$ cat my_file.txt   # compact mmCIF, C-alpha atoms
# COMPACT_ATOMS: atom_id res chain seq x y z
CA MET A 1 -131.53 -43.93 -3.13
CA LYS A 2 -127.99 -44.15 -4.51
CA GLY A 3 -126.69 -44.65 -0.99
CA ILE A 4 -129.25 -47.40 -0.35
CA GLU A 5 -128.41 -49.11 -3.64
CA LYS A 6 -124.73 -49.29 -2.69
CA LYS A 7 -125.47 -50.78 0.72
CA ASN A 8 -128.38 -53.07 -0.13
CA SER A 9 -129.47 -53.65 -3.73
CA GLU A 10 -132.50 -55.69 -2.65
CA ALA A 11 -133.76 -52.81 -0.51
CA TRP A 12 -133.25 -50.43 -3.43
CA LYS A 13 -135.30 -52.69 -5.77
CA TRP A 14 -138.11 -52.90 -3.23
CA LEU A 15 -138.27 -49.12 -2.76
CA ASP A 16 -137.96 -48.40 -6.48
CA GLN A 17 -141.20 -50.23 -7.26
CA PHE A 18 -143.26 -47.50 -5.55
CA PRO A 19 -144.07 -44.18 -7.27
CA GLN A 20 -142.07 -41.30 -5.89
CA THR A 21 -145.28 -39.38 -5.23
CA GLN A 22 -145.92 -41.83 -2.39
CA TRP A 23 -142.56 -41.25 -0.74
CA ALA A 24 -142.49 -37.86 0.90
CA LEU A 25 -143.25 -34.16 0.56
CA ALA A 26 -140.16 -33.76 -1.63
CA HIS A 27 -141.97 -35.55 -4.46
CA ASP A 28 -145.59 -34.44 -3.99
CA SER A 29 -145.37 -31.61 -6.59
CA GLY A 30 -146.71 -29.15 -4.02
CA ARG A 31 -150.06 -30.87 -3.62
CA ARG A 32 -149.77 -30.79 0.17
CA PHE A 33 -148.85 -27.12 0.04
CA GLY A 34 -145.73 -27.52 2.18
CA VAL A 35 -147.66 -27.37 5.44
CA MET A 36 -147.79 -31.02 6.41
CA THR A 37 -146.04 -31.17 9.77
CA ILE A 38 -145.62 -33.61 12.61
CA GLU A 39 -145.57 -32.50 16.21
CA THR A 40 -142.37 -34.39 16.91
CA GLU A 41 -142.23 -33.39 20.56
CA ASP A 42 -145.67 -34.86 21.21
CA LEU A 43 -144.83 -37.97 19.21
CA PHE A 44 -141.58 -38.60 21.08
CA ALA A 45 -143.33 -37.97 24.40
CA ILE A 46 -145.82 -40.72 23.57
CA CYS A 47 -143.08 -43.13 22.54
CA GLU A 48 -141.08 -42.37 25.69
CA SER A 49 -144.13 -43.03 27.83
CA PHE A 50 -144.45 -46.44 26.18
CA GLN A 51 -140.76 -47.14 26.68
CA SER A 52 -141.03 -46.39 30.39
CA LEU A 53 -143.45 -49.30 30.70
CA GLY A 54 -140.72 -51.71 29.68
CA LEU A 55 -142.86 -53.39 27.04
CA SER A 56 -141.76 -55.22 23.90
CA VAL A 57 -141.57 -53.56 20.49
CA THR A 58 -144.75 -55.35 19.42
CA ALA A 59 -146.66 -54.06 22.45
CA ASN A 60 -145.39 -50.53 21.79
CA ALA A 61 -146.63 -50.75 18.19
CA LEU A 62 -150.07 -51.81 19.39
CA LEU A 63 -150.21 -48.94 21.89
CA LEU A 64 -149.13 -46.44 19.22
CA PHE A 65 -151.84 -47.76 16.90
CA ASP A 66 -154.44 -47.24 19.62
CA GLU A 67 -153.13 -43.73 20.26
CA LEU A 68 -153.52 -42.95 16.55
CA ARG A 69 -157.07 -44.35 16.58
CA LEU A 70 -157.92 -42.05 19.50
CA VAL A 71 -156.50 -39.00 17.68
CA PHE A 72 -158.65 -39.75 14.63
CA HIS A 73 -161.74 -40.25 16.77
CA THR A 74 -161.17 -36.92 18.53
CA GLY A 75 -160.52 -35.10 15.25
CA ARG A 76 -163.63 -36.59 13.64
CA CYS A 77 -165.92 -35.65 16.54
CA ASP A 78 -164.49 -32.14 16.91
CA SER A 79 -164.68 -31.28 13.20
CA SER A 80 -168.17 -32.77 12.90
CA GLY A 81 -169.41 -30.71 15.85
CA ARG A 82 -168.01 -27.50 14.39
CA VAL A 83 -169.56 -28.19 10.98
CA ASN A 84 -172.93 -28.74 12.63
CA CYS A 85 -172.54 -25.38 14.38
CA GLY A 86 -172.19 -23.69 11.00
CA ASP A 87 -168.45 -23.01 11.12
CA VAL A 88 -166.63 -23.12 7.78
CA TYR A 89 -162.96 -22.93 8.73
CA THR A 90 -160.98 -24.31 11.64
CA LYS A 91 -160.30 -22.10 14.63
CA LEU A 92 -156.59 -22.28 13.87
CA VAL A 93 -157.22 -20.73 10.44
CA THR A 94 -159.47 -17.94 11.68
CA ASP A 95 -157.08 -17.10 14.53
CA LYS A 96 -154.18 -16.98 12.08
CA LEU A 97 -156.07 -14.67 9.74
CA ASP A 98 -156.92 -12.34 12.63
CA GLU A 99 -153.26 -12.31 13.64
CA PHE A 100 -152.18 -11.52 10.07
CA ARG A 101 -154.78 -8.77 9.69
CA THR A 102 -153.41 -7.01 12.75
CA ALA A 103 -149.83 -7.31 11.50
CA SER A 104 -150.63 -6.20 7.94
CA VAL A 105 -152.03 -2.76 8.82
CA THR A 106 -148.53 -1.26 8.77
CA TYR A 107 -147.94 -2.15 5.11
CA VAL A 108 -148.28 0.36 2.28
CA VAL A 109 -150.09 -0.82 -0.86
CA MET A 110 -149.62 0.79 -4.27
CA PRO A 111 -151.35 -0.37 -7.50
CA ILE A 112 -148.96 -1.17 -10.36
CA ASP A 113 -151.23 -2.76 -12.93
CA LYS A 114 -154.65 -4.36 -13.07
CA GLY A 115 -154.68 -6.88 -10.22
CA VAL A 116 -151.00 -6.22 -9.46
CA PHE A 117 -149.86 -4.38 -6.33
CA GLN A 118 -146.60 -3.44 -4.68
CA VAL A 119 -146.58 -3.89 -0.92
CA THR A 120 -143.91 -2.21 1.17
CA GLU A 121 -143.25 -1.71 4.84
CA PRO A 122 -142.46 1.78 6.16
CA LEU A 123 -138.76 2.48 6.78
CA HIS A 124 -137.80 -0.70 4.92
CA LYS A 125 -136.45 -1.00 1.39
CA ASP A 126 -137.85 -4.46 0.77
CA GLY A 127 -141.03 -4.74 -1.25
CA TRP A 128 -143.29 -7.51 -2.51
CA ILE A 129 -145.41 -7.87 -5.63
CA VAL A 130 -148.88 -9.35 -5.20
CA ARG A 131 -150.83 -10.64 -8.19
CA LEU A 132 -154.33 -11.47 -7.02
CA SER A 133 -155.50 -12.92 -10.34
CA GLU A 134 -152.60 -15.40 -10.26
CA CYS A 135 -152.73 -15.94 -6.49
CA THR A 136 -149.03 -15.20 -6.13
CA CYS A 137 -146.78 -13.05 -3.97
CA THR A 138 -143.04 -12.67 -4.39
CA CYS A 139 -142.59 -13.73 -0.75
CA GLY A 140 -143.58 -17.23 -1.95
CA LYS A 141 -145.81 -18.09 0.99
CA PHE A 142 -149.10 -17.36 -0.77
CA GLN A 143 -148.57 -19.93 -3.52
CA SER A 144 -146.80 -22.53 -1.37
CA LYS A 145 -149.40 -22.64 1.40
CA LYS A 146 -152.52 -21.53 -0.53
CA PHE A 147 -153.13 -19.21 2.40
CA PRO A 148 -153.16 -15.38 2.20
CA CYS A 149 -149.85 -13.99 3.43
CA LEU A 150 -149.45 -10.64 5.19
CA HIS A 151 -148.97 -8.82 1.88
CA VAL A 152 -152.10 -10.31 0.32
CA LEU A 153 -154.12 -9.38 3.40
CA ALA A 154 -152.82 -5.82 3.15
CA VAL A 155 -154.07 -5.65 -0.45
CA CYS A 156 -157.43 -7.15 0.51
CA GLU A 157 -157.79 -4.59 3.30
CA LYS A 158 -157.08 -1.74 0.90
CA LEU A 159 -159.57 -3.06 -1.68
CA LYS A 160 -162.12 -3.93 1.01
CA ILE A 161 -162.51 -7.49 -0.28
CA ASN A 162 -162.87 -10.75 1.62
CA PRO A 163 -159.51 -12.61 1.84
CA LEU A 164 -161.29 -15.92 2.43
CA GLN A 165 -161.83 -16.23 -1.32
CA TYR A 166 -158.08 -16.83 -1.62
CA LEU A 167 -158.07 -19.59 0.98
CA ASP A 168 -157.80 -23.13 -0.34
CA ASP A 169 -160.59 -25.61 0.40
CA CYS A 170 -158.14 -27.84 2.27
CA TYR A 171 -158.50 -25.47 5.23
CA THR A 172 -162.25 -25.97 5.55
CA LEU A 173 -163.84 -27.97 8.34
CA GLU A 174 -165.57 -30.11 5.74
CA ARG A 175 -162.21 -31.25 4.37
CA LEU A 176 -160.89 -31.73 7.89
CA PHE A 177 -163.85 -33.95 8.75
CA LYS A 178 -163.25 -36.07 5.64
CA THR A 179 -159.62 -36.47 6.67
CA TYR A 180 -160.58 -37.99 10.00
CA THR A 181 -163.43 -40.21 8.78
CA ALA A 182 -161.06 -43.17 8.36
CA THR A 183 -162.08 -46.20 10.41
CA PHE A 184 -159.69 -48.35 12.39
CA SER A 185 -160.14 -52.08 12.77
CA PRO A 186 -158.74 -53.78 15.87
CA VAL A 187 -155.20 -55.09 15.44
CA PRO A 188 -155.25 -58.90 15.53
CA LYS A 189 -153.02 -60.88 17.85
CA VAL A 190 -149.43 -61.28 16.72
CA SER A 191 -150.02 -64.98 16.04
CA ALA A 192 -152.58 -63.98 13.39
CA TRP A 193 -150.28 -61.57 11.55
CA PRO A 194 -149.47 -62.71 8.00
CA GLU A 195 -145.94 -63.61 7.13
CA ALA A 196 -144.15 -60.88 5.20
CA SER A 197 -142.95 -61.87 1.76
CA GLY A 198 -140.85 -60.07 -0.80
CA ILE A 199 -139.61 -57.52 1.72
CA PRO A 200 -135.85 -57.42 2.32
CA THR A 201 -134.59 -57.60 5.86
CA LEU A 202 -132.87 -54.36 6.83
CA PHE A 203 -130.39 -54.46 9.67
CA PRO A 204 -129.02 -51.48 11.58
CA PRO A 205 -125.59 -50.32 10.45
CA VAL A 206 -122.58 -51.86 12.11
CA MET A 207 -120.93 -49.18 14.21
CA SER A 208 -117.43 -49.64 15.54
CA LEU A 209 -116.70 -48.65 19.10
CA PRO A 210 -114.58 -45.54 19.61
CA PRO A 211 -110.99 -46.17 20.67
CA PRO A 212 -110.33 -46.09 24.41
CA PRO A 213 -109.02 -42.81 25.80
CA PRO A 214 -105.23 -42.57 26.14
CA ASN A 215 -103.74 -43.56 29.43
CA LEU A 216 -102.49 -40.25 30.78
CA SER A 217 -101.16 -41.73 33.99
CA GLY A 218 -98.28 -43.43 32.19
CA LYS A 219 -99.12 -46.83 33.66
$ encode --input "my_file.txt" --output "structure tokens"
Amino acid sequence: MKGIEKKNSEAWKWLDQFPQTQWALAHDSGRRFGVMTIETEDLFAICESFQSLGLSVTANALLLFDELRLVFHTGRCDSSGRVNCGDVYTKLVTDKLDEFRTASVTYVVMPIDKGVFQVTEPLHKDGWIVRLSECTCTCGKFQSKKFPCLHVLAVCEKLKINPLQYLDDCYTLERLFKTYTATFSPVPKVSAWPEASGIPTLFPPVMSLPPPPPNLSGK
């Protein structure tokens, strides 16, 4: 923001009017659990496919909007179908838990206090402290992702308890379905778009051309 303010004070004023919680993951206070990701390769592949058509920027924006609408439609139908089949969690979650269960069998679990356990790996000096009542592990992954890490699963396996009780509701199919229930209205023609007001015009930075290579021929 300081860099933006130096280059364009109007842009800084416009950005500063929005709460920081609406900016990015850096200001969400952990509410998105640090697992919000974008498949950049897929996104760039879509944009490159649009670019190969030689269309205008406006046409590319319309195509990208339609691609997003299709993704939401697919996600809504898929999650709805799985909920109707009686599934509770997404396949990605259940597959990940199965993978973690297999990997956690090598860990050694020792009780330290009520609800507190030390988890170590054979032939390694490193150890982790799991506090089930506080839903924390010193590896940090349990509290950041609200998803049982390898060390928590090792403790659950030793105690013969269900690790799903430590899984946040955001991983349920019901929540996933609600995420994709948004509706998309058709984008009107460009001539019907409202004129933007109060938004500063941002131009790309002026970049100077590199100096020409030296003439090594002496001519």
$ residues_around --input "my_file.txt" --residues "region 136-148 of chain A" --least-positions-apart "4" --cutoff "12 Å" --atoms "only C-alpha atoms" --output "short mmCIF file (atom, residue, chain, number, x, y, z; two decimals) with C-alpha atoms, in the coordinates of the input"
data_model
loop_
_atom_site.label_atom_id
_atom_site.label_comp_id
_atom_site.auth_asym_id
_atom_site.auth_seq_id
_atom_site.Cartn_x
_atom_site.Cartn_y
_atom_site.Cartn_z
CA SER A 29 -145.37 -31.61 -6.59
CA GLY A 30 -146.71 -29.15 -4.02
CA ARG A 31 -150.06 -30.87 -3.62
CA ARG A 32 -149.77 -30.79 0.17
CA PHE A 33 -148.85 -27.12 0.04
CA GLY A 34 -145.73 -27.52 2.18
CA VAL A 35 -147.66 -27.37 5.44
CA MET A 36 -147.79 -31.02 6.41
CA VAL A 93 -157.22 -20.73 10.44
CA THR A 94 -159.47 -17.94 11.68
CA LYS A 96 -154.18 -16.98 12.08
CA LEU A 97 -156.07 -14.67 9.74
CA ASP A 98 -156.92 -12.34 12.63
CA GLU A 99 -153.26 -12.31 13.64
CA PHE A 100 -152.18 -11.52 10.07
CA ARG A 101 -154.78 -8.77 9.69
CA SER A 104 -150.63 -6.20 7.94
CA GLY A 115 -154.68 -6.88 -10.22
CA VAL A 116 -151.00 -6.22 -9.46
CA PHE A 117 -149.86 -4.38 -6.33
CA GLN A 118 -146.60 -3.44 -4.68
CA VAL A 119 -146.58 -3.89 -0.92
CA THR A 120 -143.91 -2.21 1.17
CA ASP A 126 -137.85 -4.46 0.77
CA GLY A 127 -141.03 -4.74 -1.25
CA TRP A 128 -143.29 -7.51 -2.51
CA ILE A 129 -145.41 -7.87 -5.63
CA VAL A 130 -148.88 -9.35 -5.20
CA ARG A 131 -150.83 -10.64 -8.19
CA LEU A 132 -154.33 -11.47 -7.02
CA VAL A 152 -152.10 -10.31 0.32
CA LEU A 153 -154.12 -9.38 3.40
CA ALA A 154 -152.82 -5.82 3.15
CA VAL A 155 -154.07 -5.65 -0.45
CA CYS A 156 -157.43 -7.15 0.51
CA GLU A 157 -157.79 -4.59 3.30
CA ASN A 162 -162.87 -10.75 1.62
CA PRO A 163 -159.51 -12.61 1.84
CA LEU A 164 -161.29 -15.92 2.43
CA GLN A 165 -161.83 -16.23 -1.32
CA TYR A 166 -158.08 -16.83 -1.62
CA LEU A 167 -158.07 -19.59 0.98
CA ASP A 168 -157.80 -23.13 -0.34
CA ASP A 169 -160.59 -25.61 0.40
CA CYS A 170 -158.14 -27.84 2.27
CA TYR A 171 -158.50 -25.47 5.23
CA THR A 172 -162.25 -25.97 5.55
#
$ residues_around --input "my_file.txt" --residues "Leu15 (chain A)" --least-positions-apart "4" --cutoff "10 Å" --atoms "all atoms listed in the file" --output "ChimeraX atom specification"
/A:1,4-5,9-11,19-20,23,199
$ closest_residue --input "my_file.txt" --among "A:Leu123, A:Val187, A:Cys47, A:Leu173" --to "Tyr107 (chain A)" --atoms "all atoms listed in the file"
A:Leu123
$ closest_residue --input "my_file.txt" --among "A:Ile161, A:Ala59, A:Leu150, A:Ala45" --to "Val108 (chain A)" --atoms "all atoms listed in the file"
A:Leu150
$ closest_residue --input "my_file.txt" --among "A:Leu92, A:Val206, A:Leu62, A:Ala103" --to "His151 (chain A)" --atoms "only C-alpha atoms"
A:Ala103
$ atom_distance --input "my_file.txt" --atom1 "CA of Lys178 (chain A)" --atom2 "CA of Gly75 (chain A)"
10.0 Å
$ residues_around --input "my_file.txt" --residues "Phe184 (chain A)" --least-positions-apart "6" --cutoff "10 Å" --atoms "all atoms listed in the file" --output "list in words"
Phe65, Asp66, Leu68, Arg69, Leu70, Phe72 and His73 of chain A
$ atom_distance --input "my_file.txt" --atom1 "CA of Ser191 (chain A)" --atom2 "CA of Leu64 (chain A)"
18.8 Å
